$ cat entry_31.pdb   # PDB, C-alpha atoms
ATOM      1  CA  MET A   1     -16.255  20.235  -2.647
ATOM      2  CA  SER A   2     -12.747  20.171  -4.118
ATOM      3  CA  ARG A   3      -9.819  19.175  -2.004
ATOM      4  CA  ARG A   4      -6.628  21.191  -2.422
ATOM      5  CA  ARG A   5      -3.491  19.093  -2.723
ATOM      6  CA  GLU A   6      -0.346  20.301  -1.067
ATOM      7  CA  HIS A   7       2.885  20.708  -3.006
ATOM      8  CA  VAL A   8       4.891  18.176  -0.999
ATOM      9  CA  PRO A   9       7.341  15.501  -2.159
ATOM     10  CA  THR A  10       6.252  11.979  -2.950
ATOM     11  CA  ARG A  11       8.924   9.573  -1.808
ATOM     12  CA  PRO A  12      10.965   7.832  -3.202
ATOM     13  CA  THR A  13      10.536   9.574  -6.581
ATOM     14  CA  TRP A  14      10.714  13.130  -5.201
ATOM     15  CA  ARG A  15       7.993  14.419  -7.494
ATOM     16  CA  CYS A  16       5.412  16.916  -6.270
ATOM     17  CA  ARG A  17       2.214  15.272  -5.050
ATOM     18  CA  ALA A  18       0.064  18.095  -6.456
ATOM     19  CA  CYS A  19       1.617  18.909  -9.828
ATOM     20  CA  GLY A  20       3.891  15.946 -10.563
ATOM     21  CA  ILE A  21       7.051  17.854 -11.404
ATOM     22  CA  ALA A  22      10.409  17.480  -9.653
ATOM     23  CA  TRP A  23      10.121  18.663  -6.056
ATOM     24  CA  PRO A  24      10.582  21.360  -4.887
ATOM     25  CA  CYS A  25       8.266  22.767  -7.523
ATOM     26  CA  SER A  26       7.651  26.504  -7.880
ATOM     27  CA  ALA A  27       4.669  26.430  -5.520
ATOM     28  CA  ALA A  28       6.678  24.564  -2.868
ATOM     29  CA  LYS A  29       9.566  27.024  -3.205
ATOM     30  CA  LEU A  30       7.248  29.988  -2.703
ATOM     31  CA  ARG A  31       5.635  28.369   0.334
ATOM     32  CA  LEU A  32       9.019  27.508   1.875
ATOM     33  CA  LEU A  33      10.416  30.990   1.250
ATOM     34  CA  GLY A  34       7.379  32.424   3.010
ATOM     35  CA  GLU A  35       7.598  30.045   5.949
ATOM     36  CA  TYR A  36      11.328  30.654   6.434
ATOM     37  CA  ARG A  37      11.416  34.332   5.447
ATOM     38  CA  HIS A  38      13.006  35.297   8.765
ATOM     39  CA  ASP A  39      15.473  32.390   8.942
ATOM     40  CA  ARG A  40      17.032  31.561   5.590
ATOM     41  CA  ALA A  41      19.813  29.572   7.323
ATOM     42  CA  ALA A  42      17.217  27.193   8.813
ATOM     43  CA  LEU A  43      15.650  26.782   5.363
ATOM     44  CA  THR A  44      19.037  25.841   3.922
ATOM     45  CA  VAL A  45      19.642  23.254   6.664
ATOM     46  CA  TYR A  46      16.152  21.799   6.134
ATOM     47  CA  LEU A  47      16.634  21.577   2.369
ATOM     48  CA  ALA A  48      20.113  20.044   2.723
ATOM     49  CA  THR A  49      18.613  17.339   4.944
ATOM     50  CA  LEU A  50      15.924  16.625   2.354
ATOM     51  CA  GLN A  51      18.530  16.635  -0.411
ATOM     52  CA  THR A  52      20.484  13.914   1.397
ATOM     53  CA  GLU A  53      17.335  11.834   1.810
ATOM     54  CA  ALA A  54      16.407  12.336  -1.844
ATOM     55  CA  ALA A  55      19.903  11.364  -3.016
ATOM     56  CA  GLU A  56      19.758   8.094  -1.087
ATOM     57  CA  GLN A  57      16.316   7.215  -2.412
ATOM     58  CA  LEU A  58      16.991   8.262  -5.997
ATOM     59  CA  VAL A  59      20.256   6.279  -6.083
ATOM     60  CA  ALA A  60      18.346   3.227  -4.839
ATOM     61  CA  LEU A  61      15.877   3.738  -7.711
ATOM     62  CA  ASP A  62      18.802   4.061 -10.160
ATOM     63  CA  SER A  63      17.226   7.304 -11.385
ATOM     64  CA  GLY A  64      20.410   8.692 -12.925
ATOM     65  CA  VAL A  65      20.022  12.036 -11.118
ATOM     66  CA  SER A  66      23.445  13.527 -10.390
ATOM     67  CA  PRO A  67      24.453  14.957  -6.995
ATOM     68  CA  THR A  68      25.242  18.284  -8.693
ATOM     69  CA  HIS A  69      21.744  18.424 -10.141
ATOM     70  CA  LEU A  70      20.247  17.716  -6.709
ATOM     71  CA  ALA A  71      22.288  20.504  -5.115
ATOM     72  CA  ASP A  72      20.953  22.936  -7.720
ATOM     73  CA  ARG A  73      17.435  21.591  -7.384
ATOM     74  CA  PHE A  74      17.289  21.704  -3.582
ATOM     75  CA  LEU A  75      19.621  24.513  -2.533
ATOM     76  CA  SER A  76      20.617  27.040  -5.180
ATOM     77  CA  TRP A  77      17.263  28.840  -5.233
ATOM     78  CA  ALA A  78      17.119  29.177  -1.433
ATOM     79  CA  ARG A  79      20.373  31.022  -0.958
ATOM     80  CA  PRO A  80      20.023  34.683  -0.048
ATOM     81  CA  ARG A  81      20.779  37.028  -2.912
ATOM     82  CA  GLY A  82      23.525  39.487  -2.244
TER      83      GLY A  82
END

$ encode --input "entry_31.pdb" --output "structure tokens"
Amino acid sequence: MSRRREHVPTRPTWRCRACGIAWPCSAAKLRLLGEYRHDRAALTVYLATLQTEAAEQLVALDSGVSPTHLADRFLSWARPRG
């Protein structure tokens, strides 16, 4: 029996537990968009909170990830399209 791994962040590296790429990965984005389809503002607040946590942890790791990159990575895709 195979066990399905969820596309969630691994802290403090902020890589996806299932696929290993930078979180949120495509699968995580799709899941989050589905979960928050009726409240995009709540999704943005949730992601901004995670972005702050990721920034603190990635700075502590001296990862070299810029705040601008994190904003794009965590928030730009979740904004409603007009």

$ residues_around --input "entry_31.pdb" --residues "stretch 48-53 of chain A" --least-positions-apart "5" --cutoff "12 Å" --atoms "only C-alpha atoms" --output "ChimeraX atom specification"
/A:8-14,23-24,41-43,58-60,65-76,78-79

$ atom_distance --input "entry_31.pdb" --atom1 "atom CA of A:Asp62" --atom2 "atom CA of A:Ile21"
18.2 Å

$ atom_distance --input "entry_31.pdb" --atom1 "atom CA of A:Leu30" --atom2 "atom CA of A:Ser63"
26.3 Å

$ residues_around --input "entry_31.pdb" --residues "A:Asp39" --least-positions-apart "5" --cutoff "12 Å" --atoms "only C-alpha atoms" --output "VMD selection string"
chain A and resid 32 to 34 44 to 46 78 to 80

$ axis_aligned_box --input "entry_31.pdb" --around "stretch 18-25 of chain A" --padding-each-side "3 Å" --output "lines of an AutoDock Vina configuration file"
center_x = 5.3
center_y = 19.4
center_z = -8.1
size_x = 16.5
size_y = 12.8
size_z = 12.5

$ residues_around --input "entry_31.pdb" --residues "A:Cys25" --least-positions-apart "4" --cutoff "8 Å" --atoms "all atoms listed in the file" --output "list in words"
His7, Cys16, Ile21 and Lys29 of chain A
